[in-house]
Amino acid sequence: MSGAARLRAAIAGAAILAIGMGFGRFAFTAIYPHMLKEGVLSLRDGSLAASANYAGYLLGAILAMRARAHGAHRLCLWSVAGTALCLGVLALPMPVWFIVTVRGVAGVFSALAMVAASLWLLEQRRQARGAPLLYAGVGAGIAVSAELLVLASYLGWHSAGMWLLLAGVTALAGLAAAPAIAAGGQAGPDAPPAHASAPALAPVAPWPLVLIYGLAGLGYIVTATYLPVLVGAALPNLNSAHVWAVFGLGAAPSCFLWHRLHERLGTRRALRLNLLLQALGVALPVLAPSAAGYLLSAILVGGTFVGTVTIAMPAAQRAAGKAGANMMAIMTIVYGVGQIIGPVLAGSLYAQSHSFNSALLAAAGALLLAIAVSLRL
């Protein structure tokens, strides 16, 4: 298989994650402040919608337990269609309970996108070296959707128009990626990179890796859910979607950095460095509540959370034989559990203190605990 064909396959997989994760999942974070301002949702309603989305993500991961590589291309296409439909439906006037329900369904399709795109590229297409470009799709989707929302806000659009815009762009991106995805088939495996050392590619203990991944899901999600709200409250003259775009712009290229560090340092050391920087980024709004602090938080958390995926998912693929299970689906499930706990914990702590500081510190603590667990890898 030619290098150009491999690149096209990785870009197509990245498009699936940009749609399912960047648009279908995380665009809500940037629209949320607009929905608050318009009275469509309250802070409590938004937390419920976020938790429903993460519960849907968990359900989608459980459903994906039965997914196999040979059918992953079809699952990719279903995830795109479902995501576009959910985004379009949110443009309609509806009661809060229905918004929460739709966000839950969107979470199902996000998880299917994550598992299906990973299975399609890493196993069906057998292109492990395409992992950084694949997972860069998440950050690219966050950044593009955020700037589309900035443009819509500048044009004076309400949240309904923003949802419709995202649905339209999702449909176009899905149509562009569909021919490469639908081709299916199996490619020849990647040759191992010349600079990769044996320790860097050595398999790790599967179940500590699963626990670390669950703690990472809890650790980043408070920032990923509430950062624009925090910025909007502290810096009302700054369009919070720009900060969210910085989050995505930090995520996209970071996949290549963490992939290279993974090869150079090995899974254990790369994960520890990743989680340490992520914990610092999560805690920064508490330690330095300023424009610089929020921006650096967006860069650090954005630049590490998809890096965790880039390190952990290929490591899980290598550990699958030892575990005797669909490790990609299991990893997605525990990540989903962590993401459900995060907003619930944040909402509870906010009700007591009327501040997100304690929730951010608790999330940073979860990441530090993950570092401690990494000693058992």
# chains A, B, ... in the order shown; residues from 1 in each chain; ligands from 1
call {"tool": "residues_around", "arguments": {"residues": "Trp163 of chain A", "least_positions_apart": "3", "cutoff": "7 Å", "atoms": "only C-alpha atoms", "output": "VMD selection string"}}
result
chain A and resid 87 to 88 90 to 91 159 to 160 166 to 167
call {"tool": "residues_around", "arguments": {"residues": "Ile311 of chain A", "least_positions_apart": "6", "cutoff": "9 Å", "atoms": "only C-alpha atoms", "output": "CSV table (one decimal) with N, CA, C and O atoms, in the first residue's frame"}}
result
chain,number,residue,atom,x,y,z
A,255,CYS,N,-0.9,15.0,19.4
A,255,CYS,CA,-0.9,13.5,19.2
A,255,CYS,C,0.4,13.1,18.6
A,255,CYS,O,0.9,12.0,18.9
A,258,TRP,N,3.1,13.2,21.4
A,258,TRP,CA,3.0,12.1,22.4
A,258,TRP,C,3.3,10.7,21.7
A,258,TRP,O,3.8,9.8,22.4
A,259,HIS,N,3.0,10.6,20.5
A,259,HIS,CA,3.3,9.3,19.8
A,259,HIS,C,4.8,9.2,19.7
A,259,HIS,O,5.3,8.1,20.0
A,261,LEU,N,7.0,10.6,21.8
A,261,LEU,CA,7.5,10.4,23.1
A,261,LEU,C,7.2,9.0,23.6
A,261,LEU,O,8.0,8.4,24.3
A,262,HIS,N,6.1,8.4,23.2
A,262,HIS,CA,5.7,7.1,23.5
A,262,HIS,C,6.8,6.1,23.0
A,262,HIS,O,7.2,5.2,23.6
A,267,THR,N,5.7,3.3,27.3
A,267,THR,CA,4.3,3.6,27.7
A,267,THR,C,4.3,4.2,29.1
A,267,THR,O,3.7,5.2,29.4
A,270,ALA,N,6.0,7.8,29.3
A,270,ALA,CA,5.3,8.8,28.5
A,270,ALA,C,3.9,9.1,29.2
A,270,ALA,O,3.5,10.3,29.3
A,271,LEU,N,3.3,8.1,29.8
A,271,LEU,CA,2.0,8.3,30.5
A,271,LEU,C,2.2,9.2,31.7
A,271,LEU,O,1.4,10.1,32.0
call {"tool": "closest_atom_pairs", "arguments": {"of": "segment 261-377 of chain A", "to": "segment 96-120 of chain A", "cutoff": "8 Å", "atoms": "only C-alpha atoms", "output": "CSV"}}
result
residue,atom,partner,partner_atom,distance
A:Met328,CA,A:Val115,CA,6.5
A:Ala329,CA,A:Val115,CA,6.3
A:Thr332,CA,A:Ala111,CA,7.2
call {"tool": "closest_residue", "arguments": {"among": "A:Ala316, A:Ala136, A:Leu230, A:Ala12", "to": "Pro208 of chain A", "atoms": "only C-alpha atoms"}}
result
A:Ala316
call {"tool": "closest_atom_pairs", "arguments": {"of": "segment 163-261 of chain A", "to": "segment 68-80 of chain A", "cutoff": "12 Å", "atoms": "only C-alpha atoms", "output": "JSON lines"}}
result
{"residue": "A:Ala167", "atom": "CA", "partner": "A:Val80", "partner_atom": "CA", "distance": 10.3}
{"residue": "A:Gly168", "atom": "CA", "partner": "A:Val80", "partner_atom": "CA", "distance": 11.8}
{"residue": "A:Val169", "atom": "CA", "partner": "A:Val80", "partner_atom": "CA", "distance": 11.3}
{"residue": "A:Thr170", "atom": "CA", "partner": "A:Val80", "partner_atom": "CA", "distance": 7.6}
{"residue": "A:Ala171", "atom": "CA", "partner": "A:Val80", "partner_atom": "CA", "distance": 7.6}
{"residue": "A:Leu172", "atom": "CA", "partner": "A:Val80", "partner_atom": "CA", "distance": 10.3}
{"residue": "A:Ala173", "atom": "CA", "partner": "A:Val80", "partner_atom": "CA", "distance": 9.0}
{"residue": "A:Gly174", "atom": "CA", "partner": "A:Val80", "partner_atom": "CA", "distance": 6.1}
{"residue": "A:Leu175", "atom": "CA", "partner": "A:Val80", "partner_atom": "CA", "distance": 9.1}
{"residue": "A:Ala176", "atom": "CA", "partner": "A:Val80", "partner_atom": "CA", "distance": 11.3}
{"residue": "A:Ala177", "atom": "CA", "partner": "A:Leu77", "partner_atom": "CA", "distance": 9.1}
{"residue": "A:Ala178", "atom": "CA", "partner": "A:Leu77", "partner_atom": "CA", "distance": 6.9}
{"residue": "A:Pro179", "atom": "CA", "partner": "A:Leu77", "partner_atom": "CA", "distance": 10.1}
{"residue": "A:Ala180", "atom": "CA", "partner": "A:His73", "partner_atom": "CA", "distance": 9.2}
{"residue": "A:Ile181", "atom": "CA", "partner": "A:His73", "partner_atom": "CA", "distance": 5.5}
{"residue": "A:Ala182", "atom": "CA", "partner": "A:His73", "partner_atom": "CA", "distance": 5.8}
{"residue": "A:Ala183", "atom": "CA", "partner": "A:His73", "partner_atom": "CA", "distance": 7.9}
{"residue": "A:Gly184", "atom": "CA", "partner": "A:His73", "partner_atom": "CA", "distance": 5.8}
{"residue": "A:Gly185", "atom": "CA", "partner": "A:His70", "partner_atom": "CA", "distance": 7.8}
{"residue": "A:Gln186", "atom": "CA", "partner": "A:His70", "partner_atom": "CA", "distance": 8.5}
{"residue": "A:Ala187", "atom": "CA", "partner": "A:His70", "partner_atom": "CA", "distance": 11.9}
call {"tool": "write_last_selection", "arguments": {"atoms": "all heavy atoms", "output": "short mmCIF file (atom, residue, chain, number, x, y, z; two decimals), in the first residue's frame"}}
result
data_model
loop_
_atom_site.label_atom_id
_atom_site.label_comp_id
_atom_site.auth_asym_id
_atom_site.auth_seq_id
_atom_site.Cartn_x
_atom_site.Cartn_y
_atom_site.Cartn_z
N ALA A 167 -24.46 20.73 12.07
CA ALA A 167 -25.04 19.55 11.40
C ALA A 167 -24.70 19.56 9.91
O ALA A 167 -24.36 18.52 9.34
CB ALA A 167 -26.55 19.53 11.60
N GLY A 168 -24.78 20.73 9.28
CA GLY A 168 -24.47 20.82 7.86
C GLY A 168 -23.02 20.52 7.56
O GLY A 168 -22.71 19.76 6.61
N VAL A 169 -22.10 21.08 8.35
CA VAL A 169 -20.68 20.83 8.13
C VAL A 169 -20.35 19.36 8.39
O VAL A 169 -19.54 18.74 7.69
CB VAL A 169 -19.83 21.76 9.01
CG1 VAL A 169 -18.34 21.41 8.90
CG2 VAL A 169 -20.05 23.22 8.61
N THR A 170 -21.00 18.78 9.41
CA THR A 170 -20.81 17.36 9.70
C THR A 170 -21.21 16.49 8.51
O THR A 170 -20.49 15.55 8.14
CB THR A 170 -21.65 16.96 10.94
OG1 THR A 170 -21.10 17.57 12.09
CG2 THR A 170 -21.69 15.45 11.13
N ALA A 171 -22.35 16.79 7.91
CA ALA A 171 -22.81 16.01 6.76
C ALA A 171 -21.82 16.11 5.60
O ALA A 171 -21.50 15.10 4.95
CB ALA A 171 -24.19 16.49 6.33
N LEU A 172 -21.31 17.30 5.34
CA LEU A 172 -20.36 17.49 4.25
C LEU A 172 -19.06 16.75 4.52
O LEU A 172 -18.51 16.09 3.63
CB LEU A 172 -20.09 18.98 4.04
CG LEU A 172 -21.26 19.81 3.49
CD1 LEU A 172 -20.89 21.29 3.47
CD2 LEU A 172 -21.63 19.34 2.09
N ALA A 173 -18.55 16.85 5.76
CA ALA A 173 -17.30 16.17 6.10
C ALA A 173 -17.48 14.65 6.02
O ALA A 173 -16.58 13.92 5.56
CB ALA A 173 -16.84 16.58 7.50
N GLY A 174 -18.64 14.17 6.45
CA GLY A 174 -18.90 12.74 6.38
C GLY A 174 -18.95 12.23 4.96
O GLY A 174 -18.41 11.16 4.64
N LEU A 175 -19.56 13.00 4.08
CA LEU A 175 -19.61 12.62 2.66
C LEU A 175 -18.22 12.60 2.05
O LEU A 175 -17.90 11.74 1.21
CB LEU A 175 -20.51 13.60 1.89
CG LEU A 175 -22.02 13.46 2.14
CD1 LEU A 175 -22.77 14.61 1.47
CD2 LEU A 175 -22.54 12.11 1.65
N ALA A 176 -17.36 13.53 2.47
CA ALA A 176 -16.00 13.56 1.94
C ALA A 176 -15.19 12.35 2.38
O ALA A 176 -14.37 11.82 1.62
CB ALA A 176 -15.31 14.86 2.39
N ALA A 177 -15.41 11.90 3.62
CA ALA A 177 -14.63 10.77 4.16
C ALA A 177 -15.21 9.42 3.75
O ALA A 177 -14.49 8.41 3.76
CB ALA A 177 -14.58 10.86 5.69
N ALA A 178 -16.48 9.38 3.39
CA ALA A 178 -17.17 8.11 3.18
C ALA A 178 -16.52 7.19 2.14
O ALA A 178 -16.41 5.98 2.39
CB ALA A 178 -18.63 8.36 2.81
N PRO A 179 -16.07 7.69 0.97
CA PRO A 179 -15.49 6.75 -0.01
C PRO A 179 -14.29 5.97 0.53
O PRO A 179 -14.19 4.76 0.30
CB PRO A 179 -15.08 7.67 -1.17
CG PRO A 179 -15.99 8.85 -1.06
CD PRO A 179 -16.19 9.05 0.42
N ALA A 180 -13.39 6.65 1.24
CA ALA A 180 -12.22 5.95 1.78
C ALA A 180 -12.61 4.96 2.87
O ALA A 180 -12.08 3.84 2.94
CB ALA A 180 -11.21 6.96 2.33
N ILE A 181 -13.57 5.36 3.73
CA ILE A 181 -14.01 4.48 4.82
C ILE A 181 -14.75 3.27 4.26
O ILE A 181 -14.52 2.13 4.66
CB ILE A 181 -14.92 5.26 5.80
CG1 ILE A 181 -14.15 6.40 6.48
CG2 ILE A 181 -15.51 4.31 6.84
CD1 ILE A 181 -13.07 5.96 7.42
N ALA A 182 -15.66 3.51 3.32
CA ALA A 182 -16.50 2.43 2.80
C ALA A 182 -15.71 1.40 2.02
O ALA A 182 -16.17 0.26 1.84
CB ALA A 182 -17.60 3.01 1.91
N ALA A 183 -14.51 1.77 1.55
CA ALA A 183 -13.69 0.82 0.80
C ALA A 183 -13.37 -0.42 1.62
O ALA A 183 -13.25 -1.52 1.10
CB ALA A 183 -12.40 1.50 0.33
N GLY A 184 -13.27 -0.24 2.96
CA GLY A 184 -13.01 -1.38 3.83
C GLY A 184 -11.72 -2.08 3.45
O GLY A 184 -10.74 -1.46 3.07
N GLY A 185 -11.74 -3.39 3.52
CA GLY A 185 -10.55 -4.15 3.12
C GLY A 185 -9.47 -4.13 4.16
O GLY A 185 -9.57 -3.50 5.20
N GLN A 186 -8.39 -4.81 3.87
CA GLN A 186 -7.28 -4.92 4.81
C GLN A 186 -6.00 -4.58 4.09
O GLN A 186 -5.72 -5.07 3.00
CB GLN A 186 -7.21 -6.33 5.38
CG GLN A 186 -6.33 -6.43 6.61
CD GLN A 186 -6.42 -7.81 7.24
OE1 GLN A 186 -5.94 -8.78 6.67
NE2 GLN A 186 -7.03 -7.91 8.42
N ALA A 187 -5.21 -3.71 4.71
CA ALA A 187 -3.93 -3.32 4.14
C ALA A 187 -2.82 -4.12 4.78
O ALA A 187 -3.00 -4.78 5.80
CB ALA A 187 -3.70 -1.83 4.37
#
call {"tool": "select_by_dssp", "arguments": {"residues": "segment 21-64 of chain A", "states": "alpha helix (DSSP H)", "output": "PyMOL selection string"}}
result
chain A and resi 27-38+43-63
call {"tool": "residues_around", "arguments": {"residues": "segment 237-251 of chain A", "least_positions_apart": "4", "cutoff": "10 Å", "atoms": "only C-alpha atoms", "output": "ChimeraX atom specification"}}
result
/A:22,26-27,29-31,33,135-151,153-154,223-224,227-233,255-256,291,294-307
call {"tool": "closest_residue", "arguments": {"among": "A:Val282, A:Gly214, A:Leu121, A:Ala84", "to": "Ala364 of chain A", "atoms": "only C-alpha atoms"}}
result
A:Val282
